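Raw final_24.txt, compact mmCIF, C-alpha atoms and all ligand atoms:
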```txt
# COMPACT_ATOMS: atom_id res chain seq x y z
CA MET A 1 95.19 42.50 98.41
CA ALA A 2 95.36 39.43 96.19
CA ASP A 3 93.61 36.29 97.41
CA SER A 4 95.77 33.54 98.84
CA ALA A 5 95.78 30.31 96.84
CA ILE A 6 93.42 28.59 99.29
CA THR A 7 90.96 31.50 99.34
CA GLN A 8 90.93 31.46 95.56
CA ARG A 9 90.10 27.77 95.53
CA ILE A 10 87.38 28.16 98.18
CA LYS A 11 85.75 30.93 96.15
CA GLU A 12 85.76 28.74 93.03
CA LEU A 13 84.27 25.84 94.99
CA GLY A 14 81.66 28.19 96.45
CA ALA A 15 80.53 29.18 92.97
CA ARG A 16 80.40 25.51 91.95
CA TRP A 17 78.53 24.20 95.02
CA GLU A 18 76.07 27.02 95.71
CA PRO A 19 73.17 25.26 93.91
CA TYR A 20 73.93 22.07 95.88
CA ILE A 21 73.85 23.99 99.20
CA ILE A 22 70.48 25.61 98.42
CA GLU A 23 69.05 22.29 97.24
CA GLN A 24 70.18 20.65 100.51
CA ARG A 25 68.68 23.47 102.57
CA ARG A 26 65.29 23.05 100.91
CA LYS A 27 65.40 19.28 101.29
CA PHE A 28 66.09 19.46 105.03
CA HIS A 29 63.62 22.32 105.43
CA ALA A 30 60.80 20.15 104.12
CA HIS A 31 61.58 17.37 106.63
CA PRO A 32 62.05 18.96 110.05
CA GLU A 33 62.48 16.78 113.14
CA LEU A 34 62.48 17.65 116.84
CA GLY A 35 65.45 17.26 119.20
CA PHE A 36 66.77 13.67 119.59
CA LYS A 37 64.24 12.54 116.95
CA GLU A 38 66.39 13.54 113.93
CA PHE A 39 66.44 10.01 112.51
CA TRP A 40 65.64 10.88 108.89
CA THR A 41 67.93 13.91 109.04
CA THR A 42 70.82 11.80 110.34
CA GLU A 43 70.29 9.19 107.60
CA GLU A 44 70.26 11.89 104.91
CA ILE A 45 73.47 13.47 106.20
CA ALA A 46 75.06 10.00 106.26
CA ARG A 47 74.00 9.50 102.63
CA GLU A 48 75.63 12.79 101.61
CA LEU A 49 78.83 11.85 103.46
CA ASP A 50 78.83 8.40 101.86
CA ALA A 51 78.60 10.02 98.43
CA LEU A 52 81.75 11.97 99.27
CA GLY A 53 83.53 9.02 100.83
CA VAL A 54 83.85 10.88 104.13
CA PRO A 55 84.05 8.54 107.15
CA TYR A 56 81.77 9.20 110.11
CA GLU A 57 80.60 7.90 113.47
CA ARG A 58 77.31 8.07 115.32
CA PRO A 59 78.19 8.72 118.94
CA THR A 60 74.54 9.28 119.91
CA GLU A 61 71.27 7.84 118.57
CA THR A 62 70.75 10.86 116.32
CA GLY A 63 73.48 13.19 115.11
CA ILE A 64 76.64 12.29 113.25
CA VAL A 65 80.36 13.11 113.45
CA ALA A 66 82.48 13.14 110.28
CA THR A 67 86.26 13.27 109.92
CA ILE A 68 88.22 14.98 107.14
CA LYS A 69 91.93 14.24 107.16
CA GLY A 70 94.28 16.74 105.63
CA THR A 71 96.98 15.50 103.26
CA ALA A 72 99.25 18.55 103.33
CA PRO A 73 102.88 17.76 104.29
CA GLY A 74 103.11 17.68 108.09
CA ALA A 75 99.34 17.37 108.61
CA TYR A 76 99.99 14.30 110.76
CA ARG A 77 102.80 13.44 113.12
CA GLU A 78 104.62 10.13 112.74
CA ASP A 79 102.39 8.52 115.41
CA GLY A 80 99.31 9.32 113.30
CA VAL A 81 98.08 12.20 115.47
CA PRO A 82 97.18 15.36 113.54
CA GLN A 83 99.33 18.37 114.31
CA ARG A 84 96.07 20.23 114.99
CA ARG A 85 92.42 19.23 115.13
CA ILE A 86 89.50 21.62 114.73
CA ALA A 87 85.81 20.86 115.26
CA LEU A 88 83.15 22.49 113.12
CA ARG A 89 79.63 22.27 114.51
CA ALA A 90 76.18 22.46 112.92
CA ASP A 91 72.98 21.80 114.86
CA ILE A 92 70.26 19.84 113.04
CA ASP A 93 66.98 19.93 115.00
CA ALA A 94 63.72 21.83 114.41
CA LEU A 95 60.95 23.41 116.51
CA PRO A 96 57.31 22.62 117.36
CA VAL A 97 56.06 25.46 115.14
CA ASP A 98 53.34 25.28 112.46
CA GLU A 99 54.93 26.74 109.33
CA GLN A 100 52.96 29.51 107.59
CA THR A 101 55.48 30.70 104.98
CA GLY A 102 53.72 29.15 102.00
CA ALA A 103 57.14 28.27 100.51
CA SER A 104 57.19 25.56 97.83
CA TYR A 105 59.60 23.60 100.05
CA ALA A 106 57.65 24.30 103.29
CA SER A 107 57.55 21.74 106.07
CA ALA A 108 55.78 18.51 105.13
CA VAL A 109 55.51 17.61 108.82
CA GLU A 110 52.52 19.14 110.59
CA GLY A 111 53.40 21.19 113.65
CA VAL A 112 57.17 20.96 113.12
CA MET A 113 59.29 23.56 111.35
CA HIS A 114 62.90 24.53 110.83
CA ALA A 115 62.00 27.93 112.26
CA CYS A 116 65.48 28.60 113.65
CA GLY A 117 67.38 27.92 110.44
CA HIS A 118 69.15 24.72 111.50
CA ASP A 119 68.26 23.39 108.03
CA CYS A 120 70.62 26.11 106.74
CA HIS A 121 73.29 24.98 109.20
CA ILE A 122 73.19 21.43 107.84
CA ALA A 123 73.34 22.68 104.25
CA MET A 124 76.18 25.16 104.88
CA MET A 125 78.16 22.46 106.69
CA LEU A 126 77.67 19.93 103.88
CA GLY A 127 78.92 22.65 101.54
CA ALA A 128 81.95 23.24 103.78
CA VAL A 129 82.61 19.48 103.88
CA ARG A 130 82.73 19.42 100.06
CA MET A 131 85.08 22.41 99.97
CA LEU A 132 87.37 20.85 102.59
CA CYS A 133 87.40 17.46 100.83
CA GLU A 134 88.39 19.10 97.56
CA THR A 135 91.17 21.11 99.24
CA ARG A 136 92.45 18.45 101.59
CA ASP A 137 95.86 18.57 99.90
CA ALA A 138 96.26 21.99 101.54
CA LEU A 139 94.69 21.04 104.87
CA GLU A 140 97.38 20.98 107.57
CA GLY A 141 95.60 18.80 110.13
CA GLU A 142 92.21 17.24 110.81
CA VAL A 143 88.66 18.56 110.75
CA ARG A 144 85.99 16.91 112.86
CA VAL A 145 82.51 17.88 111.71
CA LEU A 146 79.77 17.72 114.35
CA PHE A 147 76.17 17.46 113.13
CA GLN A 148 74.67 17.93 116.57
CA PRO A 149 71.14 16.94 117.63
CA ALA A 150 68.78 18.62 120.11
CA GLU A 151 70.08 22.17 120.39
CA GLU A 152 66.59 23.61 120.86
CA ILE A 153 66.09 21.58 124.02
CA SER A 154 69.56 22.51 125.33
CA SER A 155 70.67 18.89 125.52
CA GLY A 156 72.52 17.94 122.35
CA ALA A 157 75.87 19.60 123.04
CA ARG A 158 76.09 17.99 126.49
CA ALA A 159 75.17 14.59 125.04
CA PHE A 160 77.84 14.99 122.33
CA ILE A 161 80.51 16.09 124.83
CA GLU A 162 79.70 13.15 127.13
CA ALA A 163 80.05 10.86 124.10
CA GLY A 164 83.61 12.18 123.64
CA VAL A 165 83.28 14.27 120.47
CA LEU A 166 85.77 16.82 121.81
CA ASP A 167 88.47 14.28 122.66
CA GLY A 168 91.66 15.44 121.00
CA VAL A 169 90.02 18.63 119.67
CA ASP A 170 92.00 21.86 120.04
CA THR A 171 89.35 24.40 119.09
CA ILE A 172 85.79 24.69 117.79
CA TYR A 173 83.90 26.84 115.30
CA GLY A 174 80.12 27.19 115.05
CA ALA A 175 77.69 29.49 113.30
CA HIS A 176 74.07 30.53 113.37
CA ILE A 177 72.17 31.97 110.47
CA TRP A 178 70.72 35.13 112.02
CA SER A 179 67.69 37.31 111.30
CA GLU A 180 69.02 40.34 113.21
CA VAL A 181 72.14 40.61 111.06
CA LYS A 182 71.96 41.95 107.50
CA ALA A 183 72.27 39.46 104.64
CA GLY A 184 75.77 39.44 103.18
CA THR A 185 77.46 40.29 106.48
CA VAL A 186 78.85 38.13 109.27
CA SER A 187 79.39 39.00 112.95
CA VAL A 188 82.28 37.32 114.80
CA GLU A 189 83.16 39.74 117.57
CA SER A 190 84.93 38.56 120.74
CA GLY A 191 83.34 38.46 124.18
CA PRO A 192 79.73 37.79 125.22
CA ARG A 193 77.48 36.94 122.26
CA MET A 194 74.57 35.00 123.75
CA ALA A 195 73.06 34.87 127.22
CA ASN A 196 72.90 32.76 130.35
CA THR A 197 69.53 31.11 129.75
CA ASP A 198 67.69 30.15 132.94
CA TRP A 199 64.12 28.99 133.53
CA PHE A 200 61.84 29.37 136.53
CA ARG A 201 58.47 28.43 137.97
CA VAL A 202 56.71 30.04 140.92
CA ASP A 203 54.10 27.99 142.79
CA ILE A 204 51.67 30.01 144.91
CA ASP A 205 49.68 28.42 147.70
CA GLY A 206 46.66 30.33 149.02
CA VAL A 207 43.35 29.11 150.37
CA SER A 208 40.43 28.43 148.05
CA ALA A 209 37.02 29.92 148.99
CA HIS A 210 33.60 30.87 147.64
CA GLY A 211 33.89 33.70 145.15
CA ALA A 212 31.35 35.71 147.19
CA MET A 213 33.21 35.16 150.49
CA PRO A 214 36.77 36.27 149.70
CA HIS A 215 37.54 36.96 153.38
CA LYS A 216 37.32 33.21 154.06
CA GLY A 217 40.39 32.42 151.98
CA VAL A 218 43.64 33.67 150.44
CA ASP A 219 43.34 34.50 146.74
CA ALA A 220 46.31 32.90 144.94
CA LEU A 221 45.37 34.69 141.72
CA VAL A 222 45.68 38.14 143.31
CA VAL A 223 49.01 37.11 144.83
CA GLY A 224 50.20 35.97 141.40
CA ALA A 225 49.21 39.30 139.85
CA GLU A 226 51.13 41.15 142.59
CA LEU A 227 54.19 38.94 142.00
CA ILE A 228 54.13 39.67 138.27
CA ASP A 229 54.18 43.37 139.09
CA ALA A 230 56.79 43.10 141.85
CA LEU A 231 59.21 41.10 139.70
CA GLN A 232 59.27 43.88 137.09
CA ILE A 233 61.26 46.10 139.44
CA ILE A 234 64.26 43.73 139.31
CA VAL A 235 65.33 44.67 135.79
CA SER A 236 64.12 48.28 135.98
CA ARG A 237 65.49 49.12 139.48
CA ASP A 238 68.12 46.56 140.52
CA VAL A 239 70.16 45.95 137.38
CA PRO A 240 72.79 48.51 136.33
CA PRO A 241 71.46 50.23 133.17
CA PHE A 242 74.45 49.16 131.05
CA GLU A 243 74.12 45.47 131.94
CA PRO A 244 71.84 43.44 129.67
CA ALA A 245 69.14 41.48 131.52
CA VAL A 246 65.68 40.15 130.72
CA LEU A 247 63.05 38.69 133.05
CA THR A 248 60.03 37.42 131.14
CA ILE A 249 56.99 35.73 132.67
CA GLY A 250 55.55 33.56 129.94
CA GLU A 251 52.72 31.78 131.74
CA PHE A 252 50.24 32.55 134.54
CA HIS A 253 47.74 29.84 135.45
CA ALA A 254 45.10 30.12 138.19
CA GLY A 255 41.47 29.39 138.92
CA VAL A 256 38.93 26.69 138.14
CA ALA A 257 35.54 28.46 137.90
CA LYS A 258 34.10 31.97 137.87
CA ASN A 259 32.59 31.73 141.33
CA VAL A 260 35.54 30.04 143.03
CA MET A 261 38.45 32.00 144.46
CA ALA A 262 41.72 30.38 143.33
CA GLY A 263 43.55 28.43 146.02
CA THR A 264 46.67 27.86 143.91
CA ALA A 265 48.42 29.51 140.98
CA TYR A 266 51.69 29.22 139.13
CA LEU A 267 53.87 31.35 136.88
CA THR A 268 56.69 30.28 134.58
CA GLY A 269 59.31 32.30 132.78
CA THR A 270 62.90 32.84 131.77
CA VAL A 271 65.79 35.00 132.94
CA ARG A 272 68.58 36.08 130.58
CA THR A 273 71.88 37.68 131.58
CA PHE A 274 75.46 37.91 130.30
CA SER A 275 77.45 38.13 133.54
CA PRO A 276 77.78 35.18 135.95
CA GLU A 277 77.50 37.51 138.96
CA LEU A 278 74.26 39.08 137.78
CA ARG A 279 72.90 35.61 137.06
CA VAL A 280 73.27 34.70 140.74
CA GLN A 281 72.08 38.09 142.01
CA LEU A 282 68.87 38.02 139.98
CA ARG A 283 67.97 34.60 141.28
CA GLU A 284 68.53 35.66 144.89
CA ARG A 285 66.53 38.84 144.40
CA MET A 286 63.65 36.90 142.85
CA GLU A 287 63.60 34.43 145.73
CA ARG A 288 63.37 37.23 148.28
CA ILE A 289 60.65 39.20 146.49
CA ILE A 290 58.55 36.09 145.84
CA ARG A 291 58.78 34.82 149.41
CA MET A 292 58.15 38.14 151.12
CA ALA A 293 55.47 39.48 148.79
CA ALA A 294 53.51 36.24 149.13
CA GLU A 295 53.91 36.34 152.90
CA ALA A 296 52.51 39.88 152.99
CA PHE A 297 49.30 38.48 151.48
CA GLY A 298 49.17 35.49 153.81
CA ALA A 299 50.12 33.07 151.03
CA GLU A 300 53.18 30.93 150.37
CA ALA A 301 55.17 31.04 147.16
CA VAL A 302 58.14 28.93 146.12
CA LEU A 303 60.60 29.62 143.30
CA THR A 304 61.92 26.62 141.34
CA TRP A 305 64.97 27.56 139.27
CA THR A 306 66.20 25.44 136.36
CA PRO A 307 69.59 26.52 135.04
CA GLY A 308 69.95 26.34 131.26
CA ASN A 309 72.98 27.04 129.09
CA ALA A 310 75.63 29.44 130.29
CA ALA A 311 76.42 32.56 128.28
CA LEU A 312 78.37 32.15 125.05
CA HIS A 313 81.69 34.04 125.02
CA ASN A 314 83.90 34.12 121.94
CA ASP A 315 87.61 33.64 122.57
CA PRO A 316 89.40 36.88 121.52
CA ALA A 317 92.15 35.12 119.49
CA CYS A 318 89.64 32.87 117.71
CA ALA A 319 87.35 35.84 116.99
CA ALA A 320 90.25 37.84 115.54
CA ARG A 321 91.24 34.89 113.30
CA ALA A 322 87.61 34.40 112.21
CA GLN A 323 87.33 38.08 111.25
CA LYS A 324 90.30 37.60 108.93
CA SER A 325 88.71 34.46 107.44
CA VAL A 326 85.45 36.36 106.79
CA ALA A 327 87.32 39.27 105.21
CA ALA A 328 89.30 36.85 103.03
CA VAL A 329 86.34 35.04 101.44
CA LEU A 330 83.62 37.73 101.60
CA GLY A 331 85.60 40.96 101.72
CA PRO A 332 86.22 43.35 104.64
CA GLN A 333 82.86 45.10 104.07
CA ALA A 334 81.15 41.84 105.13
CA LEU A 335 82.26 42.21 108.76
CA ALA A 336 79.15 43.15 110.75
CA HIS A 337 78.95 44.90 114.09
CA TYR A 338 76.29 43.25 116.19
CA GLU A 339 75.85 43.72 119.93
CA GLY A 340 74.88 40.07 120.54
CA THR A 341 71.59 38.66 121.74
CA LEU A 342 69.95 37.47 124.94
CA SER A 343 68.78 34.30 123.28
CA GLY A 344 70.66 31.15 124.26
CA GLU A 345 72.80 28.51 122.51
CA ASP A 346 74.13 25.21 123.76
CA PHE A 347 77.32 25.85 121.75
CA SER A 348 78.46 27.52 125.00
CA GLU A 349 78.89 24.00 126.42
CA TYR A 350 81.73 23.32 123.97
CA LEU A 351 83.35 26.65 124.81
CA HIS A 352 83.65 25.53 128.43
CA GLU A 353 85.88 22.70 127.18
CA VAL A 354 87.93 24.29 124.36
CA PRO A 355 88.44 27.85 123.07
CA GLY A 356 86.44 28.75 120.01
CA VAL A 357 84.24 31.15 118.14
CA PHE A 358 80.58 31.40 117.16
CA ALA A 359 79.60 33.41 114.10
CA PHE A 360 76.29 35.03 113.23
CA ILE A 361 75.71 34.63 109.49
CA GLY A 362 73.45 37.55 108.53
CA ALA A 363 70.32 36.47 106.63
CA ARG A 364 67.96 39.45 107.04
CA ASN A 365 66.67 40.78 103.76
CA PRO A 366 63.17 42.35 103.74
CA ASP A 367 63.18 42.24 99.90
CA VAL A 368 62.79 38.44 100.03
CA GLY A 369 60.56 38.36 103.15
CA ALA A 370 63.47 37.43 105.39
CA ASP A 371 62.80 39.83 108.25
CA TYR A 372 60.82 37.70 110.68
CA PRO A 373 62.65 36.70 113.86
CA GLN A 374 63.94 33.17 114.50
CA HIS A 375 61.20 30.83 115.83
CA SER A 376 58.44 32.71 113.93
CA CYS A 377 56.05 30.58 111.84
CA TYR A 378 56.90 33.00 108.99
CA TYR A 379 60.66 32.71 109.47
CA THR A 380 62.71 32.49 106.31
CA VAL A 381 66.22 33.41 105.16
CA ASP A 382 67.96 34.99 102.21
CA GLU A 383 69.35 31.79 100.68
CA SER A 384 72.05 33.68 98.80
CA VAL A 385 74.02 33.97 102.07
CA LEU A 386 74.35 30.20 102.56
CA VAL A 387 77.33 29.71 100.27
CA GLY A 388 79.16 32.48 102.14
CA GLY A 389 78.52 30.69 105.45
CA ALA A 390 80.00 27.50 104.00
CA MET A 391 83.04 29.36 102.63
CA VAL A 392 83.73 31.07 105.97
CA ALA A 393 83.69 27.69 107.79
CA ALA A 394 86.05 26.13 105.23
CA GLN A 395 88.41 29.13 105.21
CA TYR A 396 88.46 29.28 109.01
CA ALA A 397 89.33 25.58 109.27
CA HIS A 398 92.20 26.06 106.82
CA ASP A 399 93.42 29.19 108.63
CA TYR A 400 93.38 27.53 112.05
CA LEU A 401 95.11 24.36 110.89
CA ALA A 402 97.76 26.41 109.11
CA GLY A 403 98.50 28.12 112.40
CA ALA A 404 97.26 31.49 111.17
NI NI A 501 68.97 28.00 116.64
```
Turn the structure described in the file into structure tokens.
Ligand code: NI
Amino acid sequence: MADSAITQRIKELGARWEPYIIEQRRKFHAHPELGFKEFWTTEEIARELDALGVPYERPTETGIVATIKGTAPGAYREDGVPQRRIALRADIDALPVDEQTGASYASAVEGVMHACGHDCHIAMMLGAVRMLCETRDALEGEVRVLFQPAEEISSGARAFIEAGVLDGVDTIYGAHIWSEVKAGTVSVESGPRMANTDWFRVDIDGVSAHGAMPHKGVDALVVGAELIDALQIIVSRDVPPFEPAVLTIGEFHAGVAKNVMAGTAYLTGTVRTFSPELRVQLRERMERIIRMAAEAFGAEAVLTWTPGNAALHNDPACAARAQKSVAAVLGPQALAHYEGTLSGEDFSEYLHEVPGVFAFIGARNPDVGADYPQHSCYYTVDESVLVGGAMVAAQYAHDYLAGA
């Protein structure tokens, strides 16, 4: 099938702006900043937007929201309201990870690294902004571009929504560069893509005693070890085998000295699920096991549950449209099949407000060392996929605004 006129133009712009996108990625990679501290990053994005003459606002202290107005006939109604408005979102924060890649453009900030690829998100979005600016004569509405802070601490999307970034927005598109998806392919299936992400802490109260007189106390450390064991049965015995669920205990702290029996202990961890029902069930089951197992040992244990982001579900109509956009700019062979992941994303917050779609841009390529998982100190990407990510975003915005 021959390319449509807009796809043809986006492909030409992709070829022209690929070096710019890679240069931007490396620049942001070298200067990572943690959530809500993206001051330099925000300034740099503003500078790039200024160079393009794209207007923007700063609804929160860090982060930036740009507007691209289409000039196609009928893009705006007589009262100045666009006939449609789409939001494109890129997150911009980094992680407290000490980079070990040895790359020439490695992090210049000790202990902070773009280990989740949000540097790529900024670069792909700046590329998409260029493509959209240069095709605005064919853009049949308005594009609002969200450079969102603080995704890694699950706070940025909520802060942006509270600041009104979705006001007047009909739909939203987001993407994550992804190490579990092959470079050159993109996954935009409908339905659950990322998990309910909840956090917990268990505080155990026993009775401290002399290490040689264990019968005089209640050993909180032994109770903790029993709880770690007991909680394993939830996923293995209580969850239906075809339902994804993870219960990970990440920390266990107890004890003060080798001859003192621990009077207190605590565990922390995370629970991941797709279904809202299972999310509630797992919490209830944990509460019961923790309370009763501790009681059996004569101790007390309390579960503190901190809900994180809800699961991310792609809207079926948006996913179907996005698959067409991917096939248009990258070819039908670029459509990946990926089962989704139990990691979390605060993009789900937007999807509670408006329908939308979240794409995984494949970046795994062992030939260039890009096979470490996100958040690894060795994490890197196949940079040749970045231009494709930018083209998909630009094509999708055009397709949505054209009513495709
Ligand atoms: Ni991420």
| message | What does the list of residues within 7 Å of ligand NI 501 (chain A) look like if you count all atoms listed in the file, written as a PyMOL selection string? | response | chain A and resi 116-118+152+176
| request: One decimal, Å: what's the distance from atom CA of His253 of chain A over to atom CA of Ala310 of chain A, could you say? | output: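 Those two atoms sit 28.4 Å apart.
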| field | Between atom CA of Pro149 of chain A and atom CA of Asp315 of chain A - distance in Å to one decimal | value |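 Answer for the atom CA of Asp315 of chain A to atom CA of Pro149 of chain A separation: 24.0 Å.
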| message | List as a ChimeraX atom specification the protein and nucleic acid residues near Pro32 of chain A, meaning an atom at most 7 Å away when only C-alpha atoms are counted, but skip any in the same chain fewer than 2 places from it. | response | /A:28-30,34,94,107,109,112-114
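All residues that come within 7 Å of the coordinates (79.7, 42.0, 113.7), counting only C-alpha atoms, are given as Val186, Ser187, Val188, Glu189, Leu335, Ala336, His337 and Tyr338 of chain A.
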| said: Just checking: using only C-alpha atoms, which residue out of A:Lys182, A:Ala123, A:Pro96, A:Thr62 ends up closest to Glu48 of chain A? | reply: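 Of the candidates, the smallest distance to Glu48 of chain A is held by A:Ala123.
Distances here use all atoms listed in the file; by that measure, the residue among A:Asp50, A:Glu383, A:Glu353, A:Asp399 closest to Arg26 of chain A is A:Glu383.
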| So what do you get for atom CA of Val381 of chain A versus atom CA of Asp3 of chain A, distance-wise? | 28.6 Å
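Closest approach to Leu312 of chain A among A:Met194, A:Thr341, A:Arg288, A:Phe360: A:Met194, based on only C-alpha atoms.
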| Pick from A:Val354, A:Asp198, A:Ser155, A:Pro373: nearest to Gly168 of chain A, with only C-alpha atoms counted? | A:Val354
| field | Exercise: segment 214-225 of chain A partners within 12 Å, only C-alpha atoms, chain neighbours under 6 positions left out, as JSON, numbers by chain | value | {"A": [201, 202, 203, 204, 205, 206, 207, 208, 231, 232, 249, 251, 252, 253, 254, 255, 256, 259, 260, 261, 262, 263, 264, 265, 266, 267, 268, 289, 290, 291, 292, 293, 294, 295, 296, 297, 298, 299, 300, 301, 302]}
| Which of these residues is nearest to Arg136 of chain A, using only C-alpha atoms: A:Ala245, A:Ala103, A:Ala72, A:Val65? |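 Of the candidates, the smallest distance to Arg136 of chain A is held by A:Ala72.
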| message | When you count all atoms listed in the file, which of these residues is closest to Val54 of chain A: A:Ile86, A:Cys377, A:Val129, A:Val246? | response |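 The shortest atom-to-atom distance to Val54 of chain A comes from A:Val129.
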| request: Mind checking which residues fall within 12 Å of Leu126 of chain A, counting only C-alpha atoms, ignoring those fewer than 3 positions away in the same chain, and posting them as a VMD selection string? | output: chain A and resid 14 17 to 18 20 to 25 28 44 to 52 54 66 88 to 90 92 119 to 123 129 to 133 145 to 147 386 to 387 389 to 391 393 to 394
| Counting only C-alpha atoms, what is within 7 Å of Val357 of chain A, bar same-chain residues fewer than 2 positions away, as a PyMOL selection string? | chain A and resi 172-174+314-315+318-319+359
| task | Fewer than 4 positions away in the same chain doesn't count, so skip those; otherwise give me all residues within 8 Å of Arg9 of chain A, counting all atoms listed in the file, as a ChimeraX atom specification. | result | /A:5,13,135
